>>> print(open('coords_20.txt').read())   # compact mmCIF, C-alpha atoms
# COMPACT_ATOMS: atom_id res chain seq x y z
CA MET M 1 13.30 6.97 -40.65
CA ILE M 2 12.94 3.29 -39.77
CA ASP M 3 12.50 1.01 -42.78
CA ALA M 4 9.64 -1.47 -43.11
CA LEU M 5 11.82 -4.49 -42.37
CA THR M 6 13.04 -3.03 -39.05
CA ALA M 7 9.50 -2.02 -38.11
CA ALA M 8 8.21 -5.53 -38.84
CA ALA M 9 11.00 -7.05 -36.74
CA HIS M 10 10.02 -4.84 -33.78
CA ILE M 11 6.37 -5.79 -34.24
CA MET M 12 7.18 -9.50 -34.19
CA SER M 13 9.48 -9.09 -31.19
CA ASN M 14 6.73 -7.30 -29.23
CA ASP M 15 4.21 -9.97 -30.23
CA THR M 16 6.59 -12.68 -29.01
CA GLN M 17 6.86 -10.95 -25.63
CA ARG M 18 3.08 -10.60 -25.51
CA MET M 19 2.58 -14.31 -26.30
CA ASN M 20 5.07 -15.26 -23.58
CA ALA M 21 3.10 -13.19 -21.03
CA ILE M 22 -0.21 -14.73 -22.12
CA SER M 23 1.28 -18.24 -21.93
CA GLN M 24 2.54 -17.49 -18.41
CA ASN M 25 -0.93 -16.32 -17.42
CA LEU M 26 -2.61 -19.42 -18.82
CA ALA M 27 -0.10 -21.68 -17.05
CA ASN M 28 -1.05 -20.07 -13.72
CA VAL M 29 -4.82 -19.93 -14.12
CA SER M 30 -5.15 -22.29 -11.11
CA THR M 31 -2.34 -20.79 -9.00
CA THR M 32 -3.50 -19.29 -5.71
CA ALA M 33 -3.63 -15.46 -5.81
CA TYR M 34 -1.69 -15.28 -9.09
CA LYS M 35 -1.75 -11.84 -10.71
CA ARG M 36 -1.77 -11.81 -14.48
CA GLN M 37 0.82 -9.96 -16.53
CA LEU M 38 -0.33 -7.27 -18.95
CA PRO M 39 1.88 -6.15 -21.85
CA ILE M 40 1.56 -2.35 -22.04
CA ALA M 41 2.56 -0.67 -25.29
CA THR M 42 4.54 2.57 -25.23
CA PRO M 43 2.22 5.45 -26.25
CA PHE M 44 2.65 6.20 -29.94
CA ILE M 45 3.09 9.93 -29.20
CA GLU M 46 6.40 9.05 -27.54
CA PHE M 47 7.45 7.44 -30.81
CA LEU M 48 7.03 10.77 -32.61
CA ASP M 49 10.29 12.67 -32.27
CA VAL M 50 8.86 16.15 -32.72
CA GLY M 51 11.31 18.09 -30.50
CA ALA M 52 11.88 21.52 -32.04
CA ASN M 53 10.46 20.26 -35.33
CA PRO M 54 6.68 19.78 -35.06
CA SER M 55 6.51 17.87 -38.35
CA PRO M 56 4.63 14.57 -37.77
CA GLN M 57 6.77 12.97 -40.47
CA VAL M 58 9.85 12.99 -38.22
CA PHE M 59 10.21 9.76 -36.19
CA SER M 60 12.60 8.59 -33.52
CA THR M 61 15.12 5.86 -34.24
CA THR M 62 13.44 3.35 -31.93
CA MET M 63 10.13 1.57 -32.14
CA PRO M 64 7.43 1.45 -29.42
CA VAL M 65 7.97 -1.50 -27.08
CA HIS M 66 5.79 -3.52 -24.73
CA LEU M 67 6.37 -3.26 -20.99
CA LEU M 68 4.99 -5.91 -18.63
CA GLN M 69 2.71 -4.62 -15.89
CA THR M 70 1.00 -6.61 -13.13
CA ASP M 71 -2.78 -6.56 -12.95
CA THR M 72 -3.37 -6.30 -9.19
CA GLN M 73 -7.15 -6.72 -9.33
CA PRO M 74 -8.28 -9.23 -6.64
CA GLY M 75 -9.32 -12.69 -7.74
CA ALA M 76 -12.45 -14.52 -6.59
CA LEU M 77 -12.46 -16.14 -3.16
CA ARG M 78 -12.97 -19.87 -2.77
CA GLN M 79 -13.79 -21.58 0.52
CA THR M 80 -11.39 -24.21 1.86
CA ALA M 81 -12.46 -24.37 5.54
CA GLN M 82 -8.78 -24.68 6.49
CA PRO M 83 -7.86 -22.57 9.56
CA PHE M 84 -4.54 -21.41 8.12
CA ASP M 85 -5.98 -20.34 4.75
CA ILE M 86 -6.43 -16.57 4.81
CA ALA M 87 -7.70 -14.36 2.00
CA ILE M 88 -7.57 -10.57 1.78
CA GLU M 89 -10.80 -9.06 0.48
CA ASP M 90 -9.38 -5.62 -0.26
CA SER M 91 -6.22 -4.50 -2.06
CA GLY M 92 -3.71 -5.17 0.73
CA PHE M 93 -0.74 -7.53 0.89
CA PHE M 94 0.63 -9.80 3.59
CA GLU M 95 4.14 -8.80 4.66
CA VAL M 96 6.62 -11.70 4.83
CA LYS M 97 10.29 -12.04 5.68
CA THR M 98 12.66 -13.61 3.16
CA ASP M 99 16.43 -14.10 3.08
CA GLN M 100 16.66 -11.04 0.82
CA GLY M 101 14.48 -8.82 3.04
CA LEU M 102 10.81 -7.91 3.26
CA ALA M 103 8.42 -9.00 0.53
CA TYR M 104 4.68 -8.90 -0.02
CA THR M 105 2.16 -11.46 -1.18
CA ARG M 106 -1.55 -12.05 -1.63
CA ARG M 107 -1.10 -15.80 -1.34
CA GLY M 108 -2.55 -16.92 1.97
CA ASP M 109 -2.06 -20.70 2.05
CA PHE M 110 -0.09 -20.65 5.29
CA HIS M 111 1.05 -23.38 7.71
CA LEU M 112 3.09 -23.70 10.90
CA ASP M 113 6.81 -24.47 10.83
CA PRO M 114 8.51 -26.62 13.54
CA GLN M 115 8.99 -23.48 15.68
CA GLY M 116 5.28 -22.70 15.62
CA ARG M 117 5.70 -19.72 13.30
CA LEU M 118 3.09 -19.01 10.67
CA VAL M 119 4.88 -19.30 7.32
CA THR M 120 4.06 -19.23 3.60
CA SER M 121 4.00 -22.31 1.42
CA GLN M 122 7.69 -21.60 0.67
CA GLY M 123 8.57 -21.31 4.37
CA HIS M 124 8.85 -17.52 4.64
CA PRO M 125 7.68 -16.21 8.04
CA VAL M 126 4.48 -14.17 7.89
CA LEU M 127 4.80 -10.95 9.85
CA GLY M 128 2.33 -9.50 12.30
CA LEU M 129 2.20 -6.04 13.84
CA GLY M 130 4.66 -7.23 16.50
CA GLY M 131 6.93 -9.40 14.37
CA ASP M 132 6.72 -13.14 13.68
CA LEU M 133 3.33 -14.76 14.29
CA VAL M 134 3.90 -17.65 16.69
CA LEU M 135 1.01 -19.98 17.54
CA THR M 136 0.70 -22.85 20.01
CA GLY M 137 -2.24 -24.72 18.45
CA THR M 138 -3.70 -25.69 15.12
CA GLU M 139 -7.17 -24.16 15.50
CA PRO M 140 -6.72 -20.37 15.67
CA THR M 141 -9.52 -17.97 14.85
CA VAL M 142 -8.98 -14.90 12.70
CA ASP M 143 -11.47 -12.02 12.61
CA GLN M 144 -12.04 -9.74 9.61
CA ASN M 145 -9.48 -7.24 10.93
CA GLY M 146 -6.74 -9.87 10.88
CA LYS M 147 -6.58 -10.39 14.65
CA ILE M 148 -5.52 -13.93 15.58
CA SER M 149 -6.87 -15.56 18.72
CA GLU M 150 -6.29 -18.87 20.50
CA LYS M 151 -8.70 -19.95 23.27
CA ASP M 152 -10.35 -16.50 23.23
CA LYS M 153 -6.98 -14.78 23.74
CA GLN M 154 -5.48 -12.57 21.07
CA VAL M 155 -1.98 -13.75 20.17
CA GLY M 156 -1.22 -11.53 17.19
CA GLN M 157 -2.51 -9.60 14.21
CA PHE M 158 -1.58 -9.83 10.55
CA LYS M 159 0.39 -6.90 9.17
CA ILE M 160 -1.47 -5.96 5.99
CA VAL M 161 0.27 -3.37 3.82
CA HIS M 162 -1.42 -1.22 1.19
CA PHE M 163 0.17 0.60 -1.74
CA SER M 164 -1.25 3.57 -3.60
CA ASN M 165 0.26 2.28 -6.87
CA PRO M 166 0.55 -1.53 -6.51
CA GLU M 167 1.13 -1.91 -10.26
CA THR M 168 4.72 -0.69 -9.66
CA LEU M 169 5.55 -3.69 -7.44
CA LEU M 170 8.24 -5.93 -8.88
CA ARG M 171 7.27 -9.56 -9.36
CA GLU M 172 9.39 -12.23 -7.65
CA ALA M 173 9.02 -16.01 -7.61
CA SER M 174 6.22 -17.90 -5.80
CA GLY M 175 3.73 -15.04 -5.69
CA LEU M 176 6.04 -12.58 -3.94
CA PHE M 177 6.43 -8.90 -4.76
CA VAL M 178 8.97 -6.28 -3.71
CA PRO M 179 8.58 -2.48 -3.95
CA GLY M 180 9.91 -0.73 -7.03
CA ASP M 181 11.58 2.66 -7.04
CA ASP M 182 8.23 4.42 -7.53
CA THR M 183 6.14 2.28 -5.16
CA ARG M 184 4.36 4.32 -2.47
CA LEU M 185 2.70 3.12 0.73
CA ASP M 186 -0.93 3.96 1.38
CA ASP M 187 -1.67 4.44 5.07
CA THR M 188 -5.38 4.99 4.42
CA GLY M 189 -6.02 1.41 3.28
CA ARG M 190 -8.52 -0.65 5.23
CA THR M 191 -7.95 -4.32 5.99
CA LYS M 192 -10.56 -7.06 5.69
CA VAL M 193 -9.59 -10.73 5.68
CA ARG M 194 -11.49 -14.02 5.66
CA GLN M 195 -10.35 -17.18 7.38
CA GLY M 196 -10.88 -20.48 5.62
CA TYR M 197 -10.73 -18.91 2.16
CA LEU M 198 -8.09 -18.53 -0.54
CA GLU M 199 -7.92 -16.01 -3.35
CA ALA M 200 -8.02 -17.51 -6.82
CA SER M 201 -5.98 -16.32 -9.78
CA ASN M 202 -7.35 -13.22 -11.52
CA VAL M 203 -6.68 -14.83 -14.92
CA ILE M 204 -9.76 -15.44 -17.07
CA SER M 205 -8.73 -18.22 -19.41
CA MET M 206 -11.25 -17.33 -22.15
CA ASP M 207 -10.00 -13.73 -22.28
CA GLU M 208 -6.39 -14.91 -22.47
CA MET M 209 -7.21 -17.30 -25.31
CA VAL M 210 -8.81 -14.46 -27.28
CA ARG M 211 -5.75 -12.28 -26.68
CA LEU M 212 -3.49 -15.15 -27.75
CA ILE M 213 -5.35 -15.60 -31.05
CA GLU M 214 -5.27 -11.83 -31.69
CA THR M 215 -1.53 -11.75 -31.02
CA MET M 216 -0.86 -14.70 -33.31
CA ARG M 217 -2.78 -12.99 -36.14
CA HIS M 218 -0.81 -9.80 -35.54
CA PHE M 219 2.46 -11.76 -35.59
CA GLU M 220 1.44 -13.39 -38.88
CA ALA M 221 0.80 -9.92 -40.34
CA GLY M 222 4.36 -8.97 -39.38
CA GLN M 223 5.63 -12.10 -41.13
CA LYS M 224 3.79 -11.12 -44.31
CA ILE M 225 5.43 -7.68 -44.22
CA VAL M 226 8.85 -9.32 -44.00
CA GLN M 227 8.03 -11.74 -46.82
CA GLY M 228 6.69 -8.94 -49.03
CA TYR M 229 9.69 -6.74 -48.35
CA ASP M 230 12.04 -9.62 -49.13
CA GLU M 231 10.28 -10.29 -52.44
CA MET M 232 10.44 -6.60 -53.33
CA LEU M 233 14.19 -6.48 -52.67
CA GLU M 234 14.70 -9.65 -54.70
CA LYS M 235 12.87 -8.14 -57.69
CA ALA M 236 14.80 -4.87 -57.35
CA LEU M 237 18.16 -6.67 -57.32
CA ARG M 238 17.12 -8.76 -60.30
CA LYS M 239 16.22 -5.61 -62.24
CA PHE M 240 19.55 -3.96 -61.35
CA GLY M 241 21.33 -7.07 -62.57
CA GLU M 242 19.85 -6.60 -66.02
CA PHE M 243 21.84 -3.39 -66.59
>>> encode(input="coords_20.txt", output="C-alpha cells")
Amino acid sequence: MIDALTAAAHIMSNDTQRMNAISQNLANVSTTAYKRQLPIATPFIEFLDVGANPSPQVFSTTMPVHLLQTDTQPGALRQTAQPFDIAIEDSGFFEVKTDQGLAYTRRGDFHLDPQGRLVTSQGHPVLGLGGDLVLTGTEPTVDQNGKISEKDKQVGQFKIVHFSNPETLLREASGLFVPGDDTRLDDTGRTKVRQGYLEASNVISMDEMVRLIETMRHFEAGQKIVQGYDEMLEKALRKFGEF
C-alpha cells in the first residue's frame, strides 16, 4: 500500500508535468501548425493490482502517471496570399527529408533554396511524388490535389501522407514528427490543400488558461496533503517522546 505522502508526491509530480505541457502550448499559440500537447492520465483500473486477488483494496506499488499525447486536430486556416504558403485541409502531413531521415509536418511556410528546391523554414527539402520539388520560378500554382504547375505545365505534386493513428507520431523540433513503433499508414486518406494559406496553431489560449488554473489548484491540494501529513507525524513523534 502506498502511503499518503508518496501519493501526494506523485500527484504533484504529475501536476508539474501537466503545467509544463500547458506552458508549452501557450508559448506556441501563434506558431504555424503547432499541435498542442495533452497530458493523458493512466486509467485508474490499471492502478488496481487485482491479479488473482479480486479485492479492490489491493493496489500496485506505483501511482498512475501522465503521458503526453499530441492533439492532431487541424487548426484554422489563415490567408497569406504568398505562393509558397501551403495548408492541408484534411489530416495529412507533408513528407520532408532531414539529415536523420524522413519526417512529417503540417507546417507549410515553404521557400526556395539556392538550388531551386522547395524547402521548409528550417531548410529541409519538401518531397513530392517523384522526389525533391524543384521549381524555376517564384509564382507557381498549386491546385487542391497538391499538383504544382509553372506556366500551365505540371512540374510536381506534393507527397501528402496520412496515418490511421497520428496521435502515435513522435514530436521533434520545429513542427516535425517521426513515426512511432505503433504508427500505421492510411492509404485511404484524401488530400486537399490550399495555396496562399497557412494553418494556425490548434491551441485555444482561453482553454489552456482554464486548465492551468485547475492544475494549480490541484497542485495546491497536494501541497496541503503533504503539510497535513507532516504535522501529523510531528504530533505523533512528540507524543512518543513523552513516554
>>> atom_distance(input="coords_20.txt", atom1="CA of Ile86 in chain M", atom2="CA of Phe110 in chain M")
7.6 Å
>>> residues_near_point(input="coords_20.txt", point="(-2.8, -16.7, -4.9)", cutoff="12 Å", atoms="only C-alpha atoms", output="ChimeraX atom specification")
/M:28-36,72-78,85-88,93-94,104-110,120-121,174-176,197-203
>>> closest_residue(input="coords_20.txt", among="M:Met19, M:Val193, M:Met12, M:Ala7", to="Glu220 in chain M", atoms="all atoms listed in the file")
M:Met12
>>> residues_around(input="coords_20.txt", residues="Val178 in chain M", least_positions_apart="5", cutoff="6 Å", atoms="only C-alpha atoms", output="ChimeraX atom specification")
/M:103,169-170
>>> atom_distance(input="coords_20.txt", atom1="CA of Lys159 in chain M", atom2="CA of Leu38 in chain M")
28.1 Å
>>> atom_distance(input="coords_20.txt", atom1="CA of Gln195 in chain M", atom2="CA of Glu139 in chain M")
11.2 Å
>>> closest_residue(input="coords_20.txt", among="M:Thr215, M:Asn165, M:Gln223, M:Thr98", to="Asp15 in chain M", atoms="all atoms listed in the file")
M:Thr215
>>> residues_around(input="coords_20.txt", residues="Val155 in chain M", least_positions_apart="3", cutoff="9 Å", atoms="all atoms listed in the file", output="list in words")
Leu133, Val134, Leu135, Lys147, Ile148, Ser149 and Glu150 of chain M
>>> residues_around(input="coords_20.txt", residues="range 227-230 of chain M", least_positions_apart="6", cutoff="12 Å", atoms="all atoms listed in the file", output="mmCIF file with C-alpha atoms, keeping the file's coordinate frame")
data_model
loop_
_atom_site.group_PDB
_atom_site.id
_atom_site.type_symbol
_atom_site.label_atom_id
_atom_site.label_comp_id
_atom_site.auth_asym_id
_atom_site.auth_seq_id
_atom_site.Cartn_x
_atom_site.Cartn_y
_atom_site.Cartn_z
ATOM 1 C CA ASP M 3 12.500 1.010 -42.780
ATOM 2 C CA ALA M 4 9.640 -1.470 -43.110
ATOM 3 C CA LEU M 5 11.820 -4.490 -42.370
ATOM 4 C CA THR M 6 13.040 -3.030 -39.050
ATOM 5 C CA ALA M 7 9.500 -2.020 -38.110
ATOM 6 C CA ALA M 8 8.210 -5.530 -38.840
ATOM 7 C CA ALA M 9 11.000 -7.050 -36.740
ATOM 8 C CA GLU M 220 1.440 -13.390 -38.880
ATOM 9 C CA ALA M 221 0.800 -9.920 -40.340
ATOM 10 C CA ALA M 236 14.800 -4.870 -57.350
ATOM 11 C CA LEU M 237 18.160 -6.670 -57.320
#
>>> axis_aligned_box(input="coords_20.txt", around="range 210-222 of chain M", padding_each_side="4 Å", output="AutoDock Vina command-line options")
--center_x -2.2 --center_y -12.3 --center_z -33.5 --size_x 21.2 --size_y 14.6 --size_z 21.7
>>> closest_residue(input="coords_20.txt", among="M:Gly180, M:Ala173, M:Glu208, M:Asp71", to="Ala27 in chain M", atoms="all atoms listed in the file")
M:Glu208
>>> closest_residue(input="coords_20.txt", among="M:Lys97, M:Arg171, M:Arg194, M:His218", to="Thr70 in chain M", atoms="only C-alpha atoms")
M:Arg171
>>> residues_near_point(input="coords_20.txt", point="(5.9, -12.8, 17.8)", cutoff="12 Å", atoms="only C-alpha atoms", output="list in words")
Gln115, Gly116, Arg117, Leu118, Pro125, Val126, Leu127, Gly128, Leu129, Gly130, Gly131, Asp132, Leu133, Val134, Leu135, Thr136, Ile148, Gln154, Val155, Gly156, Gln157, Phe158 and Lys159 of chain M
>>> closest_residue(input="coords_20.txt", among="M:Asn20, M:Gln69, M:Thr138, M:Thr191", to="Thr168 in chain M", atoms="only C-alpha atoms")
M:Gln69
>>> residues_around(input="coords_20.txt", residues="Arg184 in chain M", least_positions_apart="5", cutoff="9 Å", atoms="all atoms listed in the file", output="list in words")
His162, Phe163, Ser164, Asn165, Pro166, Thr168 and Pro179 of chain M
>>> closest_residue(input="coords_20.txt", among="M:Ile22, M:Ala81, M:Met206, M:Leu185", to="Val161 in chain M", atoms="all atoms listed in the file")
M:Leu185
>>> decode(input="coords_20.txt", residues="range 60-128 of chain M", atoms="C-alpha atoms", output="PDB file, in the first residue's frame")
ATOM      1  CA  SER M  60       0.074  -1.763  -7.131  1.00  0.00           C
ATOM      2  CA  THR M  61       3.303  -0.210  -5.896  1.00  0.00           C
ATOM      3  CA  THR M  62       3.249   2.572  -8.487  1.00  0.00           C
ATOM      4  CA  MET M  63       0.966   5.529  -8.953  1.00  0.00           C
ATOM      5  CA  PRO M  64      -0.879   6.495 -12.167  1.00  0.00           C
ATOM      6  CA  VAL M  65       1.237   8.796 -14.333  1.00  0.00           C
ATOM      7  CA  HIS M  66       0.550  11.319 -17.070  1.00  0.00           C
ATOM      8  CA  LEU M  67       1.681  10.563 -20.617  1.00  0.00           C
ATOM      9  CA  LEU M  68       1.970  13.343 -23.196  1.00  0.00           C
ATOM     10  CA  GLN M  69      -0.071  12.858 -26.352  1.00  0.00           C
ATOM     11  CA  THR M  70      -0.274  15.133 -29.390  1.00  0.00           C
ATOM     12  CA  ASP M  71      -3.639  16.581 -30.348  1.00  0.00           C
ATOM     13  CA  THR M  72      -3.565  16.282 -34.145  1.00  0.00           C
ATOM     14  CA  GLN M  73      -6.799  18.173 -34.782  1.00  0.00           C
ATOM     15  CA  PRO M  74      -6.283  20.702 -37.637  1.00  0.00           C
ATOM     16  CA  GLY M  75      -6.020  24.367 -36.758  1.00  0.00           C
ATOM     17  CA  ALA M  76      -7.863  27.191 -38.516  1.00  0.00           C
ATOM     18  CA  LEU M  77      -6.563  28.409 -41.867  1.00  0.00           C
ATOM     19  CA  ARG M  78      -5.434  31.993 -42.337  1.00  0.00           C
ATOM     20  CA  GLN M  79      -4.854  33.622 -45.710  1.00  0.00           C
ATOM     21  CA  THR M  80      -1.390  34.967 -46.517  1.00  0.00           C
ATOM     22  CA  ALA M  81      -1.584  35.253 -50.337  1.00  0.00           C
ATOM     23  CA  GLN M  82       2.018  34.004 -50.513  1.00  0.00           C
ATOM     24  CA  PRO M  83       2.565  31.465 -53.338  1.00  0.00           C
ATOM     25  CA  PHE M  84       4.799  29.196 -51.252  1.00  0.00           C
ATOM     26  CA  ASP M  85       2.441  29.059 -48.255  1.00  0.00           C
ATOM     27  CA  ILE M  86       0.518  25.787 -48.429  1.00  0.00           C
ATOM     28  CA  ALA M  87      -2.051  24.492 -45.944  1.00  0.00           C
ATOM     29  CA  ILE M  88      -3.503  20.985 -45.728  1.00  0.00           C
ATOM     30  CA  GLU M  89      -7.251  20.989 -45.127  1.00  0.00           C
ATOM     31  CA  ASP M  90      -7.519  17.337 -44.130  1.00  0.00           C
ATOM     32  CA  SER M  91      -5.481  15.200 -41.722  1.00  0.00           C
ATOM     33  CA  GLY M  92      -2.438  14.596 -43.934  1.00  0.00           C
ATOM     34  CA  PHE M  93       1.207  15.561 -43.467  1.00  0.00           C
ATOM     35  CA  PHE M  94       3.865  16.883 -45.815  1.00  0.00           C
ATOM     36  CA  GLU M  95       6.803  14.494 -46.146  1.00  0.00           C
ATOM     37  CA  VAL M  96      10.221  16.146 -45.788  1.00  0.00           C
ATOM     38  CA  LYS M  97      13.811  14.937 -45.865  1.00  0.00           C
ATOM     39  CA  THR M  98      16.082  15.625 -42.899  1.00  0.00           C
ATOM     40  CA  ASP M  99      19.636  14.584 -42.049  1.00  0.00           C
ATOM     41  CA  GLN M 100      18.176  11.874 -39.803  1.00  0.00           C
ATOM     42  CA  GLY M 101      15.751  10.538 -42.431  1.00  0.00           C
ATOM     43  CA  LEU M 102      12.145  11.146 -43.411  1.00  0.00           C
ATOM     44  CA  ALA M 103       9.929  13.302 -41.222  1.00  0.00           C
ATOM     45  CA  TYR M 104       6.438  14.741 -41.450  1.00  0.00           C
ATOM     46  CA  THR M 105       4.994  18.177 -40.821  1.00  0.00           C
ATOM     47  CA  ARG M 106       1.829  20.222 -41.139  1.00  0.00           C
ATOM     48  CA  ARG M 107       3.804  23.446 -41.316  1.00  0.00           C
ATOM     49  CA  GLY M 108       3.586  24.787 -44.849  1.00  0.00           C
ATOM     50  CA  ASP M 109       5.570  28.043 -44.808  1.00  0.00           C
ATOM     51  CA  PHE M 110       7.936  26.960 -47.573  1.00  0.00           C
ATOM     52  CA  HIS M 111      10.517  28.808 -49.686  1.00  0.00           C
ATOM     53  CA  LEU M 112      13.075  28.044 -52.394  1.00  0.00           C
ATOM     54  CA  ASP M 113      16.700  27.284 -51.557  1.00  0.00           C
ATOM     55  CA  PRO M 114      19.607  28.362 -53.849  1.00  0.00           C
ATOM     56  CA  GLN M 115      19.175  25.126 -55.855  1.00  0.00           C
ATOM     57  CA  GLY M 116      15.531  25.893 -56.562  1.00  0.00           C
ATOM     58  CA  ARG M 117      14.253  23.178 -54.222  1.00  0.00           C
ATOM     59  CA  LEU M 118      11.129  23.776 -52.191  1.00  0.00           C
ATOM     60  CA  VAL M 119      12.214  23.592 -48.537  1.00  0.00           C
ATOM     61  CA  THR M 120      10.749  24.144 -45.071  1.00  0.00           C
ATOM     62  CA  SER M 121      11.526  27.163 -42.929  1.00  0.00           C
ATOM     63  CA  GLN M 122      14.397  25.103 -41.445  1.00  0.00           C
ATOM     64  CA  GLY M 123      15.769  24.201 -44.891  1.00  0.00           C
ATOM     65  CA  HIS M 124      14.540  20.602 -45.110  1.00  0.00           C
ATOM     66  CA  PRO M 125      13.610  19.601 -48.683  1.00  0.00           C
ATOM     67  CA  VAL M 126       9.894  19.019 -49.211  1.00  0.00           C
ATOM     68  CA  LEU M 127       9.242  15.789 -51.075  1.00  0.00           C
ATOM     69  CA  GLY M 128       6.912  15.254 -53.991  1.00  0.00           C
TER      70      GLY M 128
END
